[in-house]
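Source file: my_file_9.cif (mmCIF, C-alpha atoms)
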data_structure
loop_
_atom_site.label_atom_id
_atom_site.label_comp_id
_atom_site.auth_asym_id
_atom_site.auth_seq_id
_atom_site.Cartn_x
_atom_site.Cartn_y
_atom_site.Cartn_z
CA MET N 1 0.00 0.00 0.00
CA SER N 2 1.35 3.45 -0.93
CA GLU N 3 2.08 5.92 1.84
CA ALA N 4 -0.58 8.58 2.36
CA PRO N 5 0.48 12.07 1.22
CA LYS N 6 1.95 14.30 3.90
CA LYS N 7 -0.59 16.71 5.38
CA LYS N 8 -0.24 20.28 4.12
CA SER N 9 0.29 23.09 6.62
CA PRO N 10 -2.61 25.60 6.68
CA PHE N 11 -0.18 28.28 7.92
CA ILE N 12 2.08 27.90 4.89
CA ALA N 13 -1.02 27.93 2.69
CA LEU N 14 -2.17 31.13 4.45
CA GLY N 15 1.17 32.86 3.78
CA ALA N 16 1.32 31.72 0.17
CA GLY N 17 -2.29 32.80 -0.35
CA CYS N 18 -1.62 36.30 0.99
CA ILE N 19 1.22 36.89 -1.47
CA ALA N 20 -0.66 35.37 -4.40
CA GLY N 21 -3.78 37.40 -3.59
CA GLY N 22 -1.92 40.70 -3.75
CA MET N 23 -0.38 39.79 -7.11
CA GLU N 24 -3.72 38.78 -8.57
CA ALA N 25 -5.57 41.90 -7.35
CA CYS N 26 -3.11 44.32 -8.95
CA ALA N 27 -3.08 42.42 -12.25
CA VAL N 28 -6.81 42.29 -12.94
CA TRP N 29 -8.38 45.27 -11.15
CA PRO N 30 -9.33 47.26 -14.32
CA MET N 31 -11.62 44.41 -15.44
CA GLU N 32 -13.18 44.23 -11.95
CA PHE N 33 -13.78 47.99 -12.06
CA ILE N 34 -15.70 47.80 -15.35
CA LYS N 35 -17.62 44.68 -14.25
CA THR N 36 -18.81 46.43 -11.08
CA GLN N 37 -20.04 49.46 -13.02
CA LEU N 38 -21.97 47.30 -15.48
CA GLN N 39 -23.69 45.45 -12.62
CA LEU N 40 -24.58 48.60 -10.67
CA ALA N 41 -25.91 50.82 -13.46
CA PRO N 42 -29.46 50.46 -14.84
CA LYS N 43 -29.47 48.84 -18.26
CA GLY N 44 -28.60 51.30 -21.03
CA SER N 45 -27.53 54.11 -18.68
CA LEU N 46 -23.79 53.79 -19.32
CA PRO N 47 -21.98 55.05 -22.45
CA TYR N 48 -20.61 51.52 -22.96
CA ASP N 49 -21.98 48.00 -22.80
CA GLY N 50 -18.98 45.71 -22.42
CA MET N 51 -15.48 45.31 -21.06
CA VAL N 52 -13.50 46.52 -24.08
CA SER N 53 -15.70 49.54 -24.72
CA GLY N 54 -15.75 50.27 -20.99
CA LEU N 55 -11.97 50.21 -20.71
CA ARG N 56 -11.62 52.41 -23.79
CA HIS N 57 -14.23 54.94 -22.64
CA THR N 58 -12.75 55.20 -19.12
CA VAL N 59 -9.18 55.75 -20.39
CA GLN N 60 -10.33 58.35 -22.93
CA SER N 61 -12.60 60.27 -20.55
CA THR N 62 -10.81 60.16 -17.18
CA GLY N 63 -7.36 58.70 -17.88
CA PHE N 64 -5.68 55.34 -17.40
CA LEU N 65 -5.18 55.64 -13.65
CA SER N 66 -8.91 56.06 -13.10
CA LEU N 67 -9.24 52.35 -13.94
CA TYR N 68 -7.65 51.71 -10.54
CA ARG N 69 -10.21 53.69 -8.54
CA GLY N 70 -11.40 51.47 -5.70
CA LEU N 71 -8.28 49.26 -5.82
CA LEU N 72 -7.00 50.26 -2.36
CA PRO N 73 -9.76 48.61 -0.27
CA THR N 74 -9.60 45.55 -2.51
CA LEU N 75 -5.82 45.32 -2.26
CA ILE N 76 -5.98 45.74 1.52
CA GLY N 77 -8.51 42.93 1.63
CA SER N 78 -7.14 40.69 -1.14
CA MET N 79 -4.01 39.58 0.66
CA PRO N 80 -5.61 38.41 3.94
CA LYS N 81 -8.70 37.25 2.01
CA ALA N 82 -6.71 34.90 -0.22
CA GLY N 83 -4.61 33.81 2.75
CA ILE N 84 -7.71 32.93 4.78
CA ARG N 85 -9.28 31.18 1.78
CA PHE N 86 -6.31 28.96 0.97
CA GLY N 87 -5.51 28.38 4.64
CA LEU N 88 -9.07 27.31 5.50
CA ASN N 89 -9.34 25.19 2.36
CA THR N 90 -6.13 23.37 3.26
CA GLU N 91 -7.37 22.80 6.83
CA PHE N 92 -10.80 21.56 5.72
CA LYS N 93 -9.28 19.25 3.11
CA GLY N 94 -6.99 17.79 5.73
CA ARG N 95 -9.94 17.02 7.98
CA LEU N 96 -12.09 15.57 5.17
CA LYS N 97 -9.52 13.21 3.63
CA ASP N 98 -10.02 9.48 4.02
CA ALA N 99 -7.40 7.08 5.43
CA ASP N 100 -5.57 7.02 2.09
CA GLY N 101 -5.43 10.81 1.88
CA LYS N 102 -8.09 10.96 -0.86
CA LEU N 103 -10.88 13.46 -1.42
CA THR N 104 -14.04 13.00 -3.48
CA PRO N 105 -15.27 15.89 -5.68
CA GLY N 106 -18.08 16.41 -3.16
CA LYS N 107 -15.64 16.78 -0.27
CA ASN N 108 -13.51 19.16 -2.35
CA PHE N 109 -16.64 21.24 -2.92
CA ILE N 110 -17.46 21.27 0.81
CA ALA N 111 -13.89 22.29 1.71
CA GLY N 112 -13.99 25.11 -0.84
CA MET N 113 -17.45 26.23 0.23
CA GLY N 114 -16.37 26.34 3.88
CA ALA N 115 -13.33 28.43 2.94
CA GLY N 116 -15.51 30.78 0.90
CA ILE N 117 -18.05 31.31 3.68
CA GLY N 118 -15.24 31.85 6.18
CA GLU N 119 -13.51 34.50 4.08
CA ALA N 120 -16.88 36.14 3.36
CA PHE N 121 -17.68 36.90 6.98
CA MET N 122 -14.10 37.56 8.10
CA ILE N 123 -13.11 40.05 5.42
CA VAL N 124 -14.88 39.95 2.05
CA ALA N 125 -18.19 41.53 3.11
CA PRO N 126 -16.76 44.80 4.52
CA VAL N 127 -14.08 45.12 1.82
CA GLU N 128 -16.54 44.45 -1.02
CA THR N 129 -19.01 46.94 0.45
CA VAL N 130 -16.41 49.71 0.47
CA LYS N 131 -15.13 48.71 -2.99
CA THR N 132 -18.61 48.70 -4.50
CA LYS N 133 -19.50 52.09 -3.02
CA CYS N 134 -16.15 53.54 -4.15
CA VAL N 135 -17.14 52.74 -7.71
CA ASP N 136 -20.84 53.58 -7.31
CA LEU N 137 -20.23 56.96 -5.64
CA ASP N 138 -17.06 57.79 -7.61
CA LYS N 139 -15.29 58.59 -4.33
CA SER N 140 -11.91 57.74 -2.81
CA PHE N 141 -11.41 55.00 -0.24
CA VAL N 142 -11.27 57.49 2.67
CA ASP N 143 -14.31 59.49 1.49
CA THR N 144 -16.31 56.30 0.97
CA MET N 145 -15.46 55.07 4.48
CA LYS N 146 -16.60 58.43 5.90
CA TYR N 147 -19.84 58.21 3.91
CA ILE N 148 -20.65 54.69 5.11
CA LEU N 149 -19.89 55.41 8.76
CA LYS N 150 -21.88 58.68 8.70
CA GLU N 151 -24.92 57.44 6.78
CA GLU N 152 -25.13 53.82 7.93
CA GLY N 153 -22.84 53.38 10.92
CA PRO N 154 -20.36 50.49 11.39
CA ALA N 155 -23.08 47.98 10.50
CA GLY N 156 -23.09 49.47 7.01
CA LEU N 157 -19.76 47.78 6.36
CA TYR N 158 -21.56 44.44 6.52
CA GLN N 159 -24.33 45.39 4.12
CA GLY N 160 -25.17 42.37 1.97
CA ALA N 161 -23.12 39.98 4.14
CA PHE N 162 -25.52 37.07 3.61
CA ALA N 163 -25.50 37.57 -0.17
CA THR N 164 -21.71 37.76 -0.02
CA ALA N 165 -21.54 34.45 1.86
CA LEU N 166 -23.81 32.82 -0.74
CA LYS N 167 -21.60 34.14 -3.51
CA GLN N 168 -18.26 33.26 -1.91
CA GLY N 169 -19.37 29.84 -0.69
CA SER N 170 -20.67 28.71 -4.07
CA ASN N 171 -17.79 30.39 -5.88
CA GLN N 172 -14.98 28.80 -3.92
CA GLY N 173 -16.77 25.45 -3.68
CA LEU N 174 -16.99 25.19 -7.46
CA ARG N 175 -13.51 26.63 -7.99
CA PHE N 176 -11.59 24.41 -5.57
CA MET N 177 -13.55 21.33 -6.63
CA TRP N 178 -12.60 21.91 -10.28
CA PHE N 179 -8.97 22.80 -9.59
CA ASN N 180 -8.31 19.89 -7.26
CA GLU N 181 -9.82 17.40 -9.72
CA TYR N 182 -7.75 18.99 -12.50
CA LYS N 183 -4.59 18.86 -10.38
CA GLN N 184 -5.13 15.21 -9.55
CA MET N 185 -5.52 14.43 -13.25
CA VAL N 186 -2.52 16.35 -14.65
CA THR N 187 -0.13 15.28 -11.87
CA ASN N 188 -1.24 11.63 -12.01
CA ASP N 189 -2.46 11.80 -8.42
CA GLY N 190 0.67 13.64 -7.20
CA GLU N 191 3.27 11.49 -8.94
CA LYS N 192 4.27 14.34 -11.29
CA PRO N 193 4.95 17.98 -10.31
CA MET N 194 2.45 20.75 -10.93
CA THR N 195 4.34 23.16 -13.22
CA PRO N 196 3.54 26.90 -13.21
CA LEU N 197 2.04 26.60 -16.71
CA LEU N 198 -0.25 23.77 -15.59
CA GLY N 199 -1.22 25.83 -12.54
CA LEU N 200 -2.05 28.78 -14.82
CA PHE N 201 -4.29 26.70 -17.09
CA GLY N 202 -5.93 24.97 -14.12
CA GLY N 203 -6.71 28.25 -12.40
CA MET N 204 -8.11 29.79 -15.58
CA SER N 205 -10.41 26.83 -16.23
CA ALA N 206 -11.52 26.82 -12.57
CA GLY N 207 -12.29 30.53 -12.78
CA CYS N 208 -14.38 30.04 -15.93
CA PHE N 209 -16.31 27.14 -14.40
CA SER N 210 -17.09 28.93 -11.13
CA THR N 211 -18.09 32.20 -12.83
CA LEU N 212 -20.58 30.54 -15.15
CA GLY N 213 -21.98 28.63 -12.18
CA ASN N 214 -22.51 31.44 -9.70
CA ASN N 215 -22.84 34.76 -11.55
CA PRO N 216 -26.42 35.27 -10.26
CA PHE N 217 -25.08 35.33 -6.68
CA ASP N 218 -22.42 37.87 -7.72
CA VAL N 219 -25.03 40.20 -9.25
CA VAL N 220 -27.24 40.02 -6.16
CA LYS N 221 -24.26 40.58 -3.87
CA THR N 222 -23.23 43.67 -5.84
CA ARG N 223 -26.76 45.11 -5.82
CA MET N 224 -27.08 44.52 -2.06
CA GLN N 225 -23.85 46.46 -1.45
CA GLY N 226 -24.53 49.43 -3.75
CA VAL N 227 -25.93 52.80 -2.70
CA ARG N 228 -29.40 51.72 -3.91
CA ALA N 229 -29.48 48.63 -1.69
CA SER N 230 -32.40 50.15 0.26
CA GLU N 231 -34.62 49.30 -2.71
CA TYR N 232 -34.47 45.65 -1.60
CA LYS N 233 -35.95 44.27 1.61
CA ASN N 234 -33.40 41.46 1.78
CA THR N 235 -31.39 39.06 -0.38
CA ALA N 236 -34.46 37.04 -1.42
CA ASP N 237 -36.31 40.23 -2.43
CA CYS N 238 -33.31 41.28 -4.50
CA PHE N 239 -33.43 37.96 -6.37
CA LYS N 240 -37.18 38.43 -6.90
CA GLN N 241 -36.96 42.02 -8.16
CA ILE N 242 -34.19 41.22 -10.62
CA MET N 243 -36.18 38.29 -12.03
CA VAL N 244 -39.41 40.32 -12.32
CA LYS N 245 -37.88 43.51 -13.73
CA GLU N 246 -34.98 42.18 -15.81
CA GLY N 247 -35.64 38.50 -16.37
CA ILE N 248 -33.05 35.72 -16.21
CA GLY N 249 -30.64 37.85 -18.22
CA GLY N 250 -30.39 40.28 -15.32
CA PHE N 251 -28.55 37.65 -13.31
CA TYR N 252 -25.83 37.56 -15.95
CA ALA N 253 -25.15 41.29 -16.09
CA GLY N 254 -21.41 41.87 -16.23
CA LEU N 255 -20.71 38.20 -17.05
CA ILE N 256 -18.23 38.88 -19.88
CA PRO N 257 -16.25 41.52 -17.93
CA ARG N 258 -16.30 39.21 -14.91
CA LEU N 259 -14.92 36.36 -17.02
CA GLY N 260 -12.31 38.79 -18.36
CA ARG N 261 -11.27 39.55 -14.79
CA VAL N 262 -11.75 36.17 -13.10
CA VAL N 263 -10.27 33.81 -15.71
CA PRO N 264 -6.80 35.41 -15.91
CA GLY N 265 -6.99 36.36 -12.23
CA GLN N 266 -7.56 32.80 -11.08
CA GLY N 267 -4.86 31.60 -13.44
CA ILE N 268 -2.45 34.04 -11.77
CA ILE N 269 -3.49 33.28 -8.20
CA PHE N 270 -3.48 29.47 -8.49
CA MET N 271 -0.19 29.48 -10.41
CA SER N 272 1.37 31.84 -7.87
CA PHE N 273 -0.05 29.96 -4.89
CA GLU N 274 1.23 26.57 -6.02
CA THR N 275 4.70 27.98 -6.78
CA ILE N 276 4.95 30.02 -3.56
CA GLN N 277 3.59 27.20 -1.40
CA ASN N 278 6.16 24.75 -2.79
CA SER N 279 8.97 27.24 -2.15
CA LEU N 280 7.81 27.92 1.43
CA GLU N 281 7.50 24.20 2.15
CA LYS N 282 11.07 23.63 1.00
CA PHE N 283 12.29 26.45 3.22
CA PHE N 284 10.27 25.77 6.40
CA LEU N 285 9.58 22.04 6.34
#

Could you express the structure from this file as structure tokens?
Amino acid sequence: MSEAPKKKSPFIALGAGCIAGGMEACAVWPMEFIKTQLQLAPKGSLPYDGMVSGLRHTVQSTGFLSLYRGLLPTLIGSMPKAGIRFGLNTEFKGRLKDADGKLTPGKNFIAGMGAGIGEAFMIVAPVETVKTKCVDLDKSFVDTMKYILKEEGPAGLYQGAFATALKQGSNQGLRFMWFNEYKQMVTNDGEKPMTPLLGLFGGMSAGCFSTLGNNPFDVVKTRMQGVRASEYKNTADCFKQIMVKEGIGGFYAGLIPRLGRVVPGQGIIFMSFETIQNSLEKFFL
């Protein structure tokens, strides 16, 4: 009988995730900026209708650097967010493995979902609220924080927290399930190394799979965190109003820009995480 794989350290995964999260956030923020605007604005109210036209219009009208408006709260949150996500996922996987160190796709989904819900309540909800309002109000990070605290109080930072947990849980469940199954396949169940190029392709495919699967939750989460969130009684009412007023297509607003941001972003973060984690394990273990 082959020896069970050595258990991964959640602390090394946390550190590797923090570094990889910062790299990914800086690389793909312009696409996230355009995606957020498309989801927040009423249909037809913007002078563009897609990622490419949105990027072009923003650069021409307000300059290239304006594409990075709202990056600061996301960057502040991205590093600990990714660290918590990868750390929790590693811990949950370790607890769910069978005696031979194996995980079923269902258990991989549960481990990813648990990591997503954990990161949602620990850091994603407040950071995403500030980020969304930065874009919606066209204000700086500091001015947006002042606005939230003045108008809504500290509780305003957790606006849409339940919708965020739904989004992050389903997102990370689908993403980690796909990537771990992919990794098992391309490495022949750990017998071959995961190269950076394989990590890039695996992360990109996982990002595509998870985005197509949970975009409705992302739209609802964004609406619940915008300045017009008071239009909805709760998360369920938000779902209902979008369906009644916009139809099923409303749940896929911003899908193409989101794919443009998530697919390369997840390629970067998974490739970086795998490489950084292997380096840290060699140094510390």

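For the pair atom CA of N:Ala115 and atom CA of N:Arg85, the interatomic distance is 5.0 Å.
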
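Our summary of the geometry notes that atom CA of N:Ala27 is positioned 13.9 Å from atom CA of N:Arg258.
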
Checklist entry - If I put a ball of radius 10 Å at (-8.9, 52.4, -7.2) in the file's coordinates, which residues poke into it when counting only C-alpha atoms, written as number ranges by chain? => result N: 29-30, 33, 65-75, 131, 134-135, 138-141

Checklist entry - Could you state the separation of atom CA of N:Glu246 and atom CA of N:Arg56 in Å, given to one decimal place? => result 26.7 Å

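Near N:Asp189, within 12 Å and counting only C-alpha atoms, sit N:Ser2, N:Ala4, N:Pro5, N:Asp100, N:Gly101, N:Lys102, N:Leu103, N:Asn180, N:Glu181, N:Tyr182, N:Lys183, N:Gln184, N:Met185, N:Val186, N:Thr187, N:Glu191, N:Lys192, N:Pro193, N:Met194, not including residues fewer than 2 positions from it in the same chain.
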
Next on the checklist: Which residues would end up in the selection if the PyMOL selection byres ((chain N and resi 195-205) around 8) were applied here, given that I need the answer as number ranges by chain?
Outcome noted: N: 179, 182-183, 186, 193-194, 206-209, 262-272, 274-275

Store the residues of this selection in a file with C-alpha atoms, as a PDB file, keeping the file's coordinate frame.
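The resulting part-v1.pdb:
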ATOM      1  CA  PHE N 179      -8.970  22.800  -9.590  1.00  0.00           C
ATOM      2  CA  TYR N 182      -7.750  18.990 -12.500  1.00  0.00           C
ATOM      3  CA  LYS N 183      -4.590  18.860 -10.380  1.00  0.00           C
ATOM      4  CA  VAL N 186      -2.520  16.350 -14.650  1.00  0.00           C
ATOM      5  CA  PRO N 193       4.950  17.980 -10.310  1.00  0.00           C
ATOM      6  CA  MET N 194       2.450  20.750 -10.930  1.00  0.00           C
ATOM      7  CA  ALA N 206     -11.520  26.820 -12.570  1.00  0.00           C
ATOM      8  CA  GLY N 207     -12.290  30.530 -12.780  1.00  0.00           C
ATOM      9  CA  CYS N 208     -14.380  30.040 -15.930  1.00  0.00           C
ATOM     10  CA  PHE N 209     -16.310  27.140 -14.400  1.00  0.00           C
ATOM     11  CA  VAL N 262     -11.750  36.170 -13.100  1.00  0.00           C
ATOM     12  CA  VAL N 263     -10.270  33.810 -15.710  1.00  0.00           C
ATOM     13  CA  PRO N 264      -6.800  35.410 -15.910  1.00  0.00           C
ATOM     14  CA  GLY N 265      -6.990  36.360 -12.230  1.00  0.00           C
ATOM     15  CA  GLN N 266      -7.560  32.800 -11.080  1.00  0.00           C
ATOM     16  CA  GLY N 267      -4.860  31.600 -13.440  1.00  0.00           C
ATOM     17  CA  ILE N 268      -2.450  34.040 -11.770  1.00  0.00           C
ATOM     18  CA  ILE N 269      -3.490  33.280  -8.200  1.00  0.00           C
ATOM     19  CA  PHE N 270      -3.480  29.470  -8.490  1.00  0.00           C
ATOM     20  CA  MET N 271      -0.190  29.480 -10.410  1.00  0.00           C
ATOM     21  CA  SER N 272       1.370  31.840  -7.870  1.00  0.00           C
ATOM     22  CA  GLU N 274       1.230  26.570  -6.020  1.00  0.00           C
ATOM     23  CA  THR N 275       4.700  27.980  -6.780  1.00  0.00           C
TER      24      THR N 275
END

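Counting only C-alpha atoms, the residue from N:Met51, N:Ile110, N:Ile123, N:Ala236 that sits nearest to N:Glu91 is N:Ile110.
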
Item to check | Reference answer for the PyMOL selection byres ((chain N and resi 43) around 12), as a VMD selection string | outcome: chain N and resid 37 to 42 44 to 50 242 245 to 246 249 to 250 253 to 254

Could those residues be written to a file, using C-alpha atoms, as a PDB file, in the coordinates of the input?
ATOM      1  CA  GLN N  37     -20.040  49.460 -13.020  1.00  0.00           C
ATOM      2  CA  LEU N  38     -21.970  47.300 -15.480  1.00  0.00           C
ATOM      3  CA  GLN N  39     -23.690  45.450 -12.620  1.00  0.00           C
ATOM      4  CA  LEU N  40     -24.580  48.600 -10.670  1.00  0.00           C
ATOM      5  CA  ALA N  41     -25.910  50.820 -13.460  1.00  0.00           C
ATOM      6  CA  PRO N  42     -29.460  50.460 -14.840  1.00  0.00           C
ATOM      7  CA  GLY N  44     -28.600  51.300 -21.030  1.00  0.00           C
ATOM      8  CA  SER N  45     -27.530  54.110 -18.680  1.00  0.00           C
ATOM      9  CA  LEU N  46     -23.790  53.790 -19.320  1.00  0.00           C
ATOM     10  CA  PRO N  47     -21.980  55.050 -22.450  1.00  0.00           C
ATOM     11  CA  TYR N  48     -20.610  51.520 -22.960  1.00  0.00           C
ATOM     12  CA  ASP N  49     -21.980  48.000 -22.800  1.00  0.00           C
ATOM     13  CA  GLY N  50     -18.980  45.710 -22.420  1.00  0.00           C
ATOM     14  CA  ILE N 242     -34.190  41.220 -10.620  1.00  0.00           C
ATOM     15  CA  LYS N 245     -37.880  43.510 -13.730  1.00  0.00           C
ATOM     16  CA  GLU N 246     -34.980  42.180 -15.810  1.00  0.00           C
ATOM     17  CA  GLY N 249     -30.640  37.850 -18.220  1.00  0.00           C
ATOM     18  CA  GLY N 250     -30.390  40.280 -15.320  1.00  0.00           C
ATOM     19  CA  ALA N 253     -25.150  41.290 -16.090  1.00  0.00           C
ATOM     20  CA  GLY N 254     -21.410  41.870 -16.230  1.00  0.00           C
TER      21      GLY N 254
END

Item to check | Residue among N:Glu152, N:Asp143, N:Glu128, N:Asp136 lying closest to N:Lys167, counting only C-alpha atoms | outcome: N:Glu128

Next on the checklist: Could you list, as a PyMOL selection string, every residue within 12 Å of N:Ala111, counting only C-alpha atoms and ignoring same-chain residues fewer than 6 positions away?
Outcome noted: chain N and resi 85-97+103-105+117-118+169-177+180

Residues of the last selection are to be written out with C-alpha atoms, as a PDB file, in the frame of the given file.
ATOM      1  CA  ARG N  85      -9.280  31.180   1.780  1.00  0.00           C
ATOM      2  CA  PHE N  86      -6.310  28.960   0.970  1.00  0.00           C
ATOM      3  CA  GLY N  87      -5.510  28.380   4.640  1.00  0.00           C
ATOM      4  CA  LEU N  88      -9.070  27.310   5.500  1.00  0.00           C
ATOM      5  CA  ASN N  89      -9.340  25.190   2.360  1.00  0.00           C
ATOM      6  CA  THR N  90      -6.130  23.370   3.260  1.00  0.00           C
ATOM      7  CA  GLU N  91      -7.370  22.800   6.830  1.00  0.00           C
ATOM      8  CA  PHE N  92     -10.800  21.560   5.720  1.00  0.00           C
ATOM      9  CA  LYS N  93      -9.280  19.250   3.110  1.00  0.00           C
ATOM     10  CA  GLY N  94      -6.990  17.790   5.730  1.00  0.00           C
ATOM     11  CA  ARG N  95      -9.940  17.020   7.980  1.00  0.00           C
ATOM     12  CA  LEU N  96     -12.090  15.570   5.170  1.00  0.00           C
ATOM     13  CA  LYS N  97      -9.520  13.210   3.630  1.00  0.00           C
ATOM     14  CA  LEU N 103     -10.880  13.460  -1.420  1.00  0.00           C
ATOM     15  CA  THR N 104     -14.040  13.000  -3.480  1.00  0.00           C
ATOM     16  CA  PRO N 105     -15.270  15.890  -5.680  1.00  0.00           C
ATOM     17  CA  ILE N 117     -18.050  31.310   3.680  1.00  0.00           C
ATOM     18  CA  GLY N 118     -15.240  31.850   6.180  1.00  0.00           C
ATOM     19  CA  GLY N 169     -19.370  29.840  -0.690  1.00  0.00           C
ATOM     20  CA  SER N 170     -20.670  28.710  -4.070  1.00  0.00           C
ATOM     21  CA  ASN N 171     -17.790  30.390  -5.880  1.00  0.00           C
ATOM     22  CA  GLN N 172     -14.980  28.800  -3.920  1.00  0.00           C
ATOM     23  CA  GLY N 173     -16.770  25.450  -3.680  1.00  0.00           C
ATOM     24  CA  LEU N 174     -16.990  25.190  -7.460  1.00  0.00           C
ATOM     25  CA  ARG N 175     -13.510  26.630  -7.990  1.00  0.00           C
ATOM     26  CA  PHE N 176     -11.590  24.410  -5.570  1.00  0.00           C
ATOM     27  CA  MET N 177     -13.550  21.330  -6.630  1.00  0.00           C
ATOM     28  CA  ASN N 180      -8.310  19.890  -7.260  1.00  0.00           C
TER      29      ASN N 180
END

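Closest approach to N:Phe11 among N:Ile84, N:Ile34, N:Leu149, N:Met122 is made by N:Ile84 (distances from all atoms listed in the file).
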
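Candidate residues N:Phe121, N:Trp178, N:Ser61, N:Ala16 were compared for distance to N:Asn108, and the nearest is N:Trp178, using all atoms listed in the file.
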
Checklist entry - For N:Val28, which of N:Arg261, N:Lys150, N:Lys282, N:Lys81 is the closest residue, counting only C-alpha atoms? => result N:Arg261

Next on the checklist: Going by the chain IDs and residue numbers used in this file, which residues fall under the PyMOL selection byres ((chain N and resi 20) around 6)? Write them as a ChimeraX atom specification.
Outcome noted: /N:17-19,21-23,269,272-273

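With all atoms listed in the file as the atoms that count, the residue of N:Gly116, N:Thr129, N:Gly15, N:Thr62 with the shortest distance to N:Pro80 is N:Gly15.
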